[in-house]
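J.: What follows is a structure written as C-alpha cells; I'll ask about it next.
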Amino acid sequence: METGVKLNVTKAIRSAKTGMFLPREGTLVSVTENLGRTLLLVEFEGGQHEYLFEYEVDFENGNASRPKYGAGTDAHI
C-alpha cells in the first residue's frame, strides 16, 4: 500500500474522537502494524485523521484491501 492513495470507507464508522460519522472518502497517510493487525491512518476532508482497520476500506484504484480479519466463519476473535 502506498501513501497518498484515495480510499473509500466501506461502512458507516463513528469517529472515536468526535462521535460523528466519518466521511466515505479519505486519503491514506500511513500504515502501522500493531498486535498482528494492520492499522491505516486516514486523512479525511478538513484535516481530520482517524485510524481504521484494513478491512474497513476499499482503495479507489479498484484493488480491495488484503484479507478481512475477524470476518467470516473462520474468524478467531
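Quick note on naming: the chains in the C-alpha cells go A, B, ... in the order shown, residues restart at 1 in each chain, and ligands are numbered from 1 in order of appearance.
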Please provide the set of residues having any atom within 9 Å of region 2-16 of chain A, restricted to only C-alpha atoms, with same-chain residues fewer than 2 positions apart removed, written as a VMD selection string.

T.: chain A and resid 18 to 31 42 50 52 55 to 61

J.: Can you work out the spacing between CA of Glu33 (chain A) and CA of His49 (chain A) in Å, to one decimal?

T.: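 Taking CA of Glu33 (chain A) as the start and CA of His49 (chain A) as the end point, the length is 17.2 Å.
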
J.: Would you compute the distance between CA of Phe44 (chain A) and CA of Met1 (chain A)? Give it in Å to one decimal.

T.: 17.6 Å

J.: Which residue, A:Leu39, A:Asn34, A:Tyr51, A:Gly46, has the smallest gap to Lys17 (chain A) when you use only C-alpha atoms?

T.: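 Checking each candidate against Lys17 (chain A), we get A:Tyr51 as the closest.
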
J.: So that I can check the secondary structure, give me every residue of region 2-71 of chain A assigned helix (DSSP H, G or I) by backbone DSSP, as a list of chain:residue names.

T.: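 Listing helix (DSSP H, G or I) positions across region 2-71 of chain A yields A:Glu45, A:Gly46, A:Gly47, A:Glu54, A:Tyr55, A:Glu56.
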